[in-house]
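Listing of coords-v2.cif; format and content: mmCIF, C-alpha atoms.
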data_query
loop_
_atom_site.group_PDB
_atom_site.id
_atom_site.type_symbol
_atom_site.label_atom_id
_atom_site.label_comp_id
_atom_site.auth_asym_id
_atom_site.auth_seq_id
_atom_site.Cartn_x
_atom_site.Cartn_y
_atom_site.Cartn_z
ATOM 1 C CA MET A 3 0.000 0.000 0.000
ATOM 2 C CA THR A 4 1.380 3.423 -0.952
ATOM 3 C CA ASP A 5 1.481 6.606 1.120
ATOM 4 C CA ILE A 6 -1.279 8.012 -1.048
ATOM 5 C CA ASP A 7 -3.479 4.947 -0.630
ATOM 6 C CA GLU A 8 -3.018 5.212 3.126
ATOM 7 C CA ALA A 9 -3.856 8.913 3.059
ATOM 8 C CA ARG A 10 -7.010 8.264 1.049
ATOM 9 C CA ALA A 11 -8.054 5.470 3.398
ATOM 10 C CA ALA A 12 -7.447 7.711 6.415
ATOM 11 C CA MET A 13 -9.524 10.531 4.910
ATOM 12 C CA ALA A 14 -12.330 8.077 4.146
ATOM 13 C CA ASP A 15 -12.247 6.840 7.757
ATOM 14 C CA ILE A 16 -12.524 10.404 9.027
ATOM 15 C CA ARG A 17 -15.437 11.161 6.713
ATOM 16 C CA ALA A 18 -17.271 8.035 7.892
ATOM 17 C CA THR A 19 -16.638 8.986 11.520
ATOM 18 C CA GLU A 20 -17.953 12.518 10.981
ATOM 19 C CA GLN A 21 -21.040 11.075 9.304
ATOM 20 C CA ARG A 22 -21.757 8.914 12.348
ATOM 21 C CA LEU A 23 -21.171 11.926 14.582
ATOM 22 C CA ALA A 24 -23.617 14.010 12.498
ATOM 23 C CA GLN A 25 -26.345 11.423 13.087
ATOM 24 C CA ARG A 26 -26.103 12.141 16.821
ATOM 25 C CA MET A 27 -26.138 15.912 16.510
ATOM 26 C CA VAL A 28 -29.873 16.459 16.895
ATOM 27 C CA TRP A 29 -31.161 18.516 19.794
ATOM 28 C CA PRO A 30 -34.888 18.763 20.747
ATOM 29 C CA PHE A 31 -36.893 21.936 20.072
ATOM 30 C CA TRP A 32 -36.941 22.950 23.737
ATOM 31 C CA ARG A 33 -33.143 23.127 23.640
ATOM 32 C CA HIS A 34 -33.294 25.792 20.912
ATOM 33 C CA LEU A 35 -36.198 27.560 22.632
ATOM 34 C CA ALA A 36 -34.074 27.765 25.799
ATOM 35 C CA VAL A 37 -31.550 29.868 23.866
ATOM 36 C CA GLY A 38 -34.331 32.195 22.687
ATOM 37 C CA LEU A 39 -35.824 32.505 26.168
ATOM 38 C CA ALA A 40 -32.381 33.257 27.626
ATOM 39 C CA MET A 41 -32.089 36.117 25.162
ATOM 40 C CA GLY A 42 -35.559 37.293 26.184
ATOM 41 C CA ALA A 43 -34.545 37.197 29.852
ATOM 42 C CA LEU A 44 -31.536 39.370 29.055
ATOM 43 C CA MET A 45 -33.786 41.904 27.309
ATOM 44 C CA ILE A 46 -36.352 42.011 30.112
ATOM 45 C CA GLY A 47 -33.503 42.436 32.592
ATOM 46 C CA GLN A 48 -32.573 45.662 30.814
ATOM 47 C CA THR A 49 -35.971 47.143 31.723
ATOM 48 C CA LEU A 50 -35.671 46.359 35.432
ATOM 49 C CA GLY A 51 -32.616 48.393 36.386
ATOM 50 C CA ASN A 52 -28.939 47.653 36.827
ATOM 51 C CA ARG A 53 -29.231 45.058 39.579
ATOM 52 C CA ALA A 54 -31.884 43.078 37.685
ATOM 53 C CA SER A 55 -29.907 43.205 34.461
ATOM 54 C CA ILE A 56 -26.866 41.768 36.268
ATOM 55 C CA LEU A 57 -29.057 39.061 37.801
ATOM 56 C CA ALA A 58 -30.512 38.268 34.372
ATOM 57 C CA SER A 59 -26.993 37.943 32.956
ATOM 58 C CA LEU A 60 -26.001 35.625 35.811
ATOM 59 C CA GLY A 61 -29.171 33.629 35.194
ATOM 60 C CA VAL A 62 -28.197 33.156 31.548
ATOM 61 C CA ILE A 63 -24.723 31.953 32.581
ATOM 62 C CA VAL A 64 -26.311 29.454 35.004
ATOM 63 C CA LEU A 65 -28.677 28.306 32.240
ATOM 64 C CA ALA A 66 -25.693 27.761 29.917
ATOM 65 C CA LEU A 67 -24.030 25.579 32.570
ATOM 66 C CA VAL A 68 -27.257 23.630 33.112
ATOM 67 C CA LEU A 69 -27.581 23.024 29.361
ATOM 68 C CA ARG A 70 -23.956 21.907 29.202
ATOM 69 C CA ASN A 71 -24.487 19.396 32.009
ATOM 70 C CA HIS A 72 -27.717 18.231 30.382
ATOM 71 C CA ASP A 73 -25.951 17.621 27.066
ATOM 72 C CA LEU A 74 -23.119 15.722 28.739
ATOM 73 C CA ARG A 75 -25.560 13.470 30.594
ATOM 74 C CA ARG A 76 -28.102 13.016 27.794
ATOM 75 C CA TYR A 77 -25.885 12.871 24.719
ATOM 76 C CA GLY A 78 -22.495 11.948 26.162
ATOM 77 C CA MET A 79 -20.875 15.007 24.642
ATOM 78 C CA PHE A 80 -21.026 18.776 24.525
ATOM 79 C CA VAL A 81 -20.479 21.102 21.593
ATOM 80 C CA ASN A 82 -20.058 24.792 22.314
ATOM 81 C CA GLY A 83 -21.291 27.346 19.823
ATOM 82 C CA TRP A 84 -17.864 28.671 18.972
ATOM 83 C CA MET A 85 -16.500 25.771 16.951
ATOM 84 C CA ARG A 86 -14.567 26.442 13.747
ATOM 85 C CA GLY A 87 -16.521 26.503 10.486
ATOM 86 C CA ARG A 88 -19.602 28.254 9.146
ATOM 87 C CA THR A 89 -21.435 27.853 12.447
ATOM 88 C CA LEU A 90 -19.051 30.391 13.928
ATOM 89 C CA TRP A 91 -20.750 33.111 11.868
ATOM 90 C CA ILE A 92 -24.147 32.128 13.242
ATOM 91 C CA SER A 93 -22.755 32.315 16.785
ATOM 92 C CA PHE A 94 -21.308 35.768 16.091
ATOM 93 C CA ALA A 95 -24.671 36.877 14.657
ATOM 94 C CA LEU A 96 -26.474 35.588 17.760
ATOM 95 C CA PHE A 97 -24.043 37.405 20.023
ATOM 96 C CA ALA A 98 -24.357 40.628 18.008
ATOM 97 C CA LEU A 99 -28.159 40.367 18.101
ATOM 98 C CA ALA A 100 -28.090 39.932 21.880
ATOM 99 C CA VAL A 101 -25.870 42.970 22.387
ATOM 100 C CA ALA A 102 -27.835 45.098 19.898
ATOM 101 C CA ALA A 103 -31.211 44.131 21.368
ATOM 102 C CA CYS A 104 -30.104 44.870 24.943
ATOM 103 C CA LEU A 105 -28.505 48.177 23.972
ATOM 104 C CA TYR A 106 -31.576 49.263 22.037
ATOM 105 C CA VAL A 107 -33.892 48.417 24.931
ATOM 106 C CA ARG A 108 -31.596 50.269 27.356
ATOM 107 C CA LEU A 109 -30.845 53.321 25.206
ATOM 108 C CA GLY A 110 -33.353 53.430 22.361
ATOM 109 C CA ILE A 111 -36.678 53.039 24.160
ATOM 110 C CA ALA A 112 -37.751 55.541 26.781
ATOM 111 C CA ALA A 113 -38.341 54.155 30.271
ATOM 112 C CA PRO A 114 -40.514 52.480 31.364
ATOM 113 C CA GLN A 115 -39.720 50.295 28.349
ATOM 114 C CA ARG A 116 -42.235 47.584 29.253
ATOM 115 C CA GLU A 117 -45.076 50.018 28.599
ATOM 116 C CA ALA A 118 -43.908 50.543 25.019
ATOM 117 C CA PRO A 119 -45.512 48.184 22.445
ATOM 118 C CA LEU A 120 -42.240 48.350 20.493
ATOM 119 C CA PHE A 121 -40.458 46.602 23.370
ATOM 120 C CA TRP A 122 -42.814 43.625 23.277
ATOM 121 C CA VAL A 123 -42.611 43.384 19.495
ATOM 122 C CA LEU A 124 -38.822 43.472 19.736
ATOM 123 C CA LEU A 125 -38.882 40.866 22.499
ATOM 124 C CA VAL A 126 -41.021 38.424 20.476
ATOM 125 C CA VAL A 127 -38.898 38.955 17.348
ATOM 126 C CA THR A 128 -35.665 38.434 19.308
ATOM 127 C CA VAL A 129 -36.866 35.286 21.120
ATOM 128 C CA ALA A 130 -38.216 33.797 17.873
ATOM 129 C CA GLY A 131 -35.136 34.906 15.918
ATOM 130 C CA THR A 132 -32.615 33.459 18.334
ATOM 131 C CA THR A 133 -34.599 30.214 18.653
ATOM 132 C CA ALA A 134 -34.546 29.937 14.860
ATOM 133 C CA ALA A 135 -30.845 30.842 14.743
ATOM 134 C CA SER A 136 -30.072 28.112 17.269
ATOM 135 C CA TYR A 137 -31.900 25.594 15.076
ATOM 136 C CA LEU A 138 -30.084 26.936 12.015
ATOM 137 C CA TRP A 139 -26.790 26.417 13.870
ATOM 138 C CA GLN A 140 -27.654 22.733 14.300
ATOM 139 C CA VAL A 141 -28.626 22.365 10.624
ATOM 140 C CA VAL A 142 -25.394 23.996 9.410
ATOM 141 C CA TYR A 143 -23.252 22.010 11.853
ATOM 142 C CA ARG A 144 -24.756 18.710 10.705
ATOM 143 C CA ARG A 145 -24.417 19.689 7.054
ATOM 144 C CA GLU A 146 -20.775 20.534 7.604
ATOM 145 C CA LEU A 147 -20.162 17.096 9.081
ATOM 146 C CA GLU A 148 -22.214 15.364 6.398
ATOM 147 C CA GLY A 149 -20.838 17.573 3.648
ATOM 148 C CA GLU A 150 -17.291 16.732 4.580
ATOM 149 C CA ALA A 151 -18.447 13.149 4.564
ATOM 150 C CA GLN A 152 -19.286 13.178 0.860
ATOM 151 C CA MET B 22 4.224 8.151 4.894
ATOM 152 C CA THR B 23 6.294 11.341 4.944
ATOM 153 C CA GLY B 24 6.130 15.084 5.682
ATOM 154 C CA ALA B 25 4.137 16.343 8.642
ATOM 155 C CA ILE B 26 2.392 13.016 9.161
ATOM 156 C CA ASP B 27 2.037 12.501 12.902
ATOM 157 C CA THR B 28 3.025 8.973 13.901
ATOM 158 C CA ILE B 29 0.946 9.185 17.086
ATOM 159 C CA LEU B 30 -2.214 9.923 15.081
ATOM 160 C CA HIS B 31 -1.318 7.512 12.289
ATOM 161 C CA ALA B 32 -3.280 4.524 13.645
ATOM 162 C CA PRO B 33 -6.801 4.546 12.099
ATOM 163 C CA ALA B 34 -8.604 4.306 15.444
ATOM 164 C CA ARG B 35 -6.588 7.198 16.900
ATOM 165 C CA LEU B 36 -7.315 9.295 13.857
ATOM 166 C CA GLN B 37 -11.027 8.625 14.242
ATOM 167 C CA ILE B 38 -10.859 9.526 17.927
ATOM 168 C CA ALA B 39 -9.125 12.761 16.972
ATOM 169 C CA ALA B 40 -11.758 13.493 14.307
ATOM 170 C CA VAL B 41 -14.482 13.329 16.961
ATOM 171 C CA LEU B 42 -12.537 15.314 19.562
ATOM 172 C CA ALA B 43 -11.927 18.034 16.977
ATOM 173 C CA ARG B 44 -15.695 18.504 16.677
ATOM 174 C CA VAL B 45 -16.789 18.456 20.328
ATOM 175 C CA ASP B 46 -15.677 20.013 23.595
ATOM 176 C CA GLU B 47 -15.808 16.804 25.562
ATOM 177 C CA VAL B 48 -17.079 13.287 24.882
ATOM 178 C CA GLU B 49 -17.907 10.407 27.190
ATOM 179 C CA PHE B 50 -16.075 7.097 26.767
ATOM 180 C CA ALA B 51 -19.115 4.972 25.791
ATOM 181 C CA THR B 52 -20.354 7.571 23.305
ATOM 182 C CA LEU B 53 -16.929 7.759 21.694
ATOM 183 C CA ARG B 54 -16.707 3.954 21.576
ATOM 184 C CA ASP B 55 -20.067 3.756 19.771
ATOM 185 C CA ILE B 56 -19.077 6.412 17.220
ATOM 186 C CA ILE B 57 -15.651 4.912 16.539
ATOM 187 C CA GLU B 58 -17.073 1.381 16.578
ATOM 188 C CA VAL B 59 -14.277 -0.246 18.555
ATOM 189 C CA SER B 60 -14.184 -2.311 21.743
ATOM 190 C CA ASP B 61 -13.722 -0.811 25.206
ATOM 191 C CA SER B 62 -10.194 -2.219 25.467
ATOM 192 C CA VAL B 63 -9.102 -0.853 22.075
ATOM 193 C CA LEU B 64 -10.487 2.589 22.829
ATOM 194 C CA SER B 65 -8.921 2.576 26.281
ATOM 195 C CA LYS B 66 -5.524 1.639 24.830
ATOM 196 C CA HIS B 67 -5.619 4.392 22.195
ATOM 197 C CA LEU B 68 -6.884 7.034 24.611
ATOM 198 C CA SER B 69 -4.041 6.171 26.979
ATOM 199 C CA ALA B 70 -1.519 6.542 24.159
ATOM 200 C CA LEU B 71 -2.997 9.892 23.145
ATOM 201 C CA GLY B 72 -3.001 10.979 26.777
ATOM 202 C CA GLU B 73 0.647 10.033 27.236
ATOM 203 C CA ALA B 74 1.499 12.088 24.148
ATOM 204 C CA GLY B 75 -0.253 15.089 25.714
ATOM 205 C CA TYR B 76 -2.900 15.142 22.971
ATOM 206 C CA VAL B 77 -5.884 14.239 25.121
ATOM 207 C CA THR B 78 -7.029 14.934 28.652
ATOM 208 C CA LEU B 79 -9.046 12.290 30.457
ATOM 209 C CA ARG B 80 -11.418 13.274 33.251
ATOM 210 C CA LYS B 81 -13.158 10.780 35.509
ATOM 211 C CA ALA B 82 -16.419 11.716 37.207
ATOM 212 C CA ALA B 83 -19.283 9.861 38.866
ATOM 213 C CA GLN B 84 -22.610 10.039 37.064
ATOM 214 C CA ASP B 85 -25.783 8.165 37.975
ATOM 215 C CA GLY B 86 -23.792 6.130 40.482
ATOM 216 C CA ARG B 87 -21.208 5.022 37.923
ATOM 217 C CA GLN B 88 -17.703 6.202 37.246
ATOM 218 C CA ARG B 89 -17.446 7.668 33.742
ATOM 219 C CA THR B 90 -14.500 8.904 31.704
ATOM 220 C CA TRP B 91 -14.588 12.052 29.588
ATOM 221 C CA ALA B 92 -12.070 12.804 26.850
ATOM 222 C CA ALA B 93 -11.136 16.152 25.347
ATOM 223 C CA PHE B 94 -8.428 17.460 23.041
ATOM 224 C CA THR B 95 -5.585 19.487 24.507
ATOM 225 C CA PRO B 96 -4.428 22.505 22.447
ATOM 226 C CA LYS B 97 -1.382 20.412 21.489
ATOM 227 C CA GLY B 98 -3.624 17.585 20.280
ATOM 228 C CA ALA B 99 -5.833 19.949 18.298
ATOM 229 C CA ARG B 100 -2.769 21.468 16.597
ATOM 230 C CA ALA B 101 -1.315 18.031 15.829
ATOM 231 C CA PHE B 102 -4.594 16.856 14.288
ATOM 232 C CA LYS B 103 -4.847 19.978 12.146
ATOM 233 C CA ALA B 104 -1.289 19.503 10.879
ATOM 234 C CA HIS B 105 -1.863 15.801 10.292
ATOM 235 C CA MET B 106 -5.026 16.501 8.281
ATOM 236 C CA ALA B 107 -3.176 19.083 6.200
ATOM 237 C CA ALA B 108 -0.449 16.538 5.464
ATOM 238 C CA LEU B 109 -2.989 13.883 4.452
ATOM 239 C CA GLN B 110 -4.801 16.375 2.219
ATOM 240 C CA ALA B 111 -1.500 17.415 0.612
ATOM 241 C CA LEU B 112 -0.737 13.783 -0.215
ATOM 242 C CA VAL B 113 -4.161 13.239 -1.767
ATOM 243 C CA ASP B 114 -3.950 16.543 -3.680
ATOM 244 C CA SER B 115 -0.494 15.685 -5.017
ATOM 245 C CA ALA B 116 -1.792 12.334 -6.265
ATOM 246 C CA GLN B 117 -4.713 13.998 -8.015
ATOM 247 C CA ALA B 118 -2.414 16.616 -9.563
ATOM 248 C CA ALA B 119 -0.149 13.834 -10.854
ATOM 249 C CA LEU B 120 -3.134 12.194 -12.526
ATOM 250 C CA GLY B 121 -3.919 15.505 -14.218
#

How does this structure look as structure tokens?
Amino acid sequence: MTDIDEARAAMADIRATEQRLAQRMVWPFWRHLAVGLAMGALMIGQTLGNRASILASLGVIVLALVLRNHDLRRYGMFVNGWMRGRTLWISFALFALAVAACLYVRLGIAAPQREAPLFWVLLVVTVAGTTAASYLWQVVYRRELEGEAQ
Amino acid sequence: MTGAIDTILHAPARLQIAAVLARVDEVEFATLRDIIEVSDSVLSKHLSALGEAGYVTLRKAAQDGRQRTWAAFTPKGARAFKAHMAALQALVDSAQAALG
């Protein structure tokens, strides 16, 4: 067997492994909704004053740890959102949306923000958008694994 | 094989382990075994070798009353895998270029 044959066989093994990994990379809807609701909690925190916004941020960090532990127990592995590849752009977009939404609520809507219909519209759009983005992340991640498996 | 081929990652099972570790933060032993499709003893042997090379960290923790082992890439392991993949790809590309 030549070096090149060995290299081809090794690449084929990796592609097959990534394909099997892709088959396991399916998270339930509630898992994506949790990301959206965490974003919503951050936004609502902005309307409740500094202390509440810090508490909301801490709550989101705790939620992230709970989700991590859940994934490790349920799926036997954890994938953070900042892996290399096209999914990284979705993670950046999610992060930018979170920062932009919180800043707009804090600076762009006159207090009390929760009395402004715009706030609630923005909240629903952000929760739905981030839930969808989380699902999109999963789709792109699986396609990357499966695509590299072709 | 020649070039930047990593002899530690050369074994097919180790390369498959590395391919999984490159895509996750941490993976549990039984899950990894099922993905790689090897026996417990084979996986254990290869994980030990990767650990001794400083490519993998192994963490043991109790879960549901049982002791479980979790594997993750070290930065050194991630770099070695990336270089190894580049070397494999270069070999395949050179063969294709030779064929025209």

Pairwise distance for atom CA of Ala104 of chain B and atom CA of Pro33 of chain B, rounded to one decimal in Å
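It comes out at 16.0 Å.
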
Counting all atoms listed in the file, which residues from chain A have an atom at most 6 Å from any atom of chain B, and could you show them as a PyMOL selection string?
chain A and resi 5-6+9+16+78-81

Box along x, y and z, 4 Å on every side, all listed atoms of segment 53-71 of chain A inside: centre and edge lengths in Å to one decimal, as lines of an AutoDock Vina configuration file.
center_x = -27.9
center_y = 32.2
center_z = 34.4
size_x = 15.9
size_y = 33.7
size_z = 18.4

Taking the file as shown, find all residues satisfying the PyMOL selection byres ((chain A and resi 126) around 12) and write them as a PyMOL selection string.
chain A and resi 38-39+41-43+45-46+103+119-125+127-133

Go ahead and dump the residues you just picked, C-alpha atoms, as a PDB file, in the frame of the given file.
ATOM      1  CA  GLY A  38     -34.331  32.195  22.687  1.00  0.00           C
ATOM      2  CA  LEU A  39     -35.824  32.505  26.168  1.00  0.00           C
ATOM      3  CA  MET A  41     -32.089  36.117  25.162  1.00  0.00           C
ATOM      4  CA  GLY A  42     -35.559  37.293  26.184  1.00  0.00           C
ATOM      5  CA  ALA A  43     -34.545  37.197  29.852  1.00  0.00           C
ATOM      6  CA  MET A  45     -33.786  41.904  27.309  1.00  0.00           C
ATOM      7  CA  ILE A  46     -36.352  42.011  30.112  1.00  0.00           C
ATOM      8  CA  ALA A 103     -31.211  44.131  21.368  1.00  0.00           C
ATOM      9  CA  PRO A 119     -45.512  48.184  22.445  1.00  0.00           C
ATOM     10  CA  LEU A 120     -42.240  48.350  20.493  1.00  0.00           C
ATOM     11  CA  PHE A 121     -40.458  46.602  23.370  1.00  0.00           C
ATOM     12  CA  TRP A 122     -42.814  43.625  23.277  1.00  0.00           C
ATOM     13  CA  VAL A 123     -42.611  43.384  19.495  1.00  0.00           C
ATOM     14  CA  LEU A 124     -38.822  43.472  19.736  1.00  0.00           C
ATOM     15  CA  LEU A 125     -38.882  40.866  22.499  1.00  0.00           C
ATOM     16  CA  VAL A 127     -38.898  38.955  17.348  1.00  0.00           C
ATOM     17  CA  THR A 128     -35.665  38.434  19.308  1.00  0.00           C
ATOM     18  CA  VAL A 129     -36.866  35.286  21.120  1.00  0.00           C
ATOM     19  CA  ALA A 130     -38.216  33.797  17.873  1.00  0.00           C
ATOM     20  CA  GLY A 131     -35.136  34.906  15.918  1.00  0.00           C
ATOM     21  CA  THR A 132     -32.615  33.459  18.334  1.00  0.00           C
ATOM     22  CA  THR A 133     -34.599  30.214  18.653  1.00  0.00           C
TER      23      THR A 133
END

Running the PyMOL selection byres ((chain B and resi 100) around 12) on this model by hand, what would come out? Give it as a PDB file with C-alpha atoms, in the coordinates of the input.
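result-v2.pdb, written as the output of this step:
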ATOM      1  CA  ALA B  25       4.137  16.343   8.642  1.00  0.00           C
ATOM      2  CA  ASP B  27       2.037  12.501  12.902  1.00  0.00           C
ATOM      3  CA  LEU B  30      -2.214   9.923  15.081  1.00  0.00           C
ATOM      4  CA  ALA B  39      -9.125  12.761  16.972  1.00  0.00           C
ATOM      5  CA  LEU B  42     -12.537  15.314  19.562  1.00  0.00           C
ATOM      6  CA  ALA B  43     -11.927  18.034  16.977  1.00  0.00           C
ATOM      7  CA  GLY B  75      -0.253  15.089  25.714  1.00  0.00           C
ATOM      8  CA  TYR B  76      -2.900  15.142  22.971  1.00  0.00           C
ATOM      9  CA  VAL B  77      -5.884  14.239  25.121  1.00  0.00           C
ATOM     10  CA  PHE B  94      -8.428  17.460  23.041  1.00  0.00           C
ATOM     11  CA  THR B  95      -5.585  19.487  24.507  1.00  0.00           C
ATOM     12  CA  PRO B  96      -4.428  22.505  22.447  1.00  0.00           C
ATOM     13  CA  LYS B  97      -1.382  20.412  21.489  1.00  0.00           C
ATOM     14  CA  GLY B  98      -3.624  17.585  20.280  1.00  0.00           C
ATOM     15  CA  ALA B  99      -5.833  19.949  18.298  1.00  0.00           C
ATOM     16  CA  ALA B 101      -1.315  18.031  15.829  1.00  0.00           C
ATOM     17  CA  PHE B 102      -4.594  16.856  14.288  1.00  0.00           C
ATOM     18  CA  LYS B 103      -4.847  19.978  12.146  1.00  0.00           C
ATOM     19  CA  ALA B 104      -1.289  19.503  10.879  1.00  0.00           C
ATOM     20  CA  HIS B 105      -1.863  15.801  10.292  1.00  0.00           C
ATOM     21  CA  MET B 106      -5.026  16.501   8.281  1.00  0.00           C
ATOM     22  CA  ALA B 107      -3.176  19.083   6.200  1.00  0.00           C
TER      23      ALA B 107
END

One decimal, in Å: what's the spacing between atom CA of Ala100 of chain A and atom CA of Leu147 of chain A?
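It comes out at 27.4 Å.
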
Quick one, how far is atom CA of Val107 of chain A from atom CA of Gln48 of chain A?
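Value for the atom CA of Val107 of chain A-atom CA of Gln48 of chain A distance: 6.6 Å.
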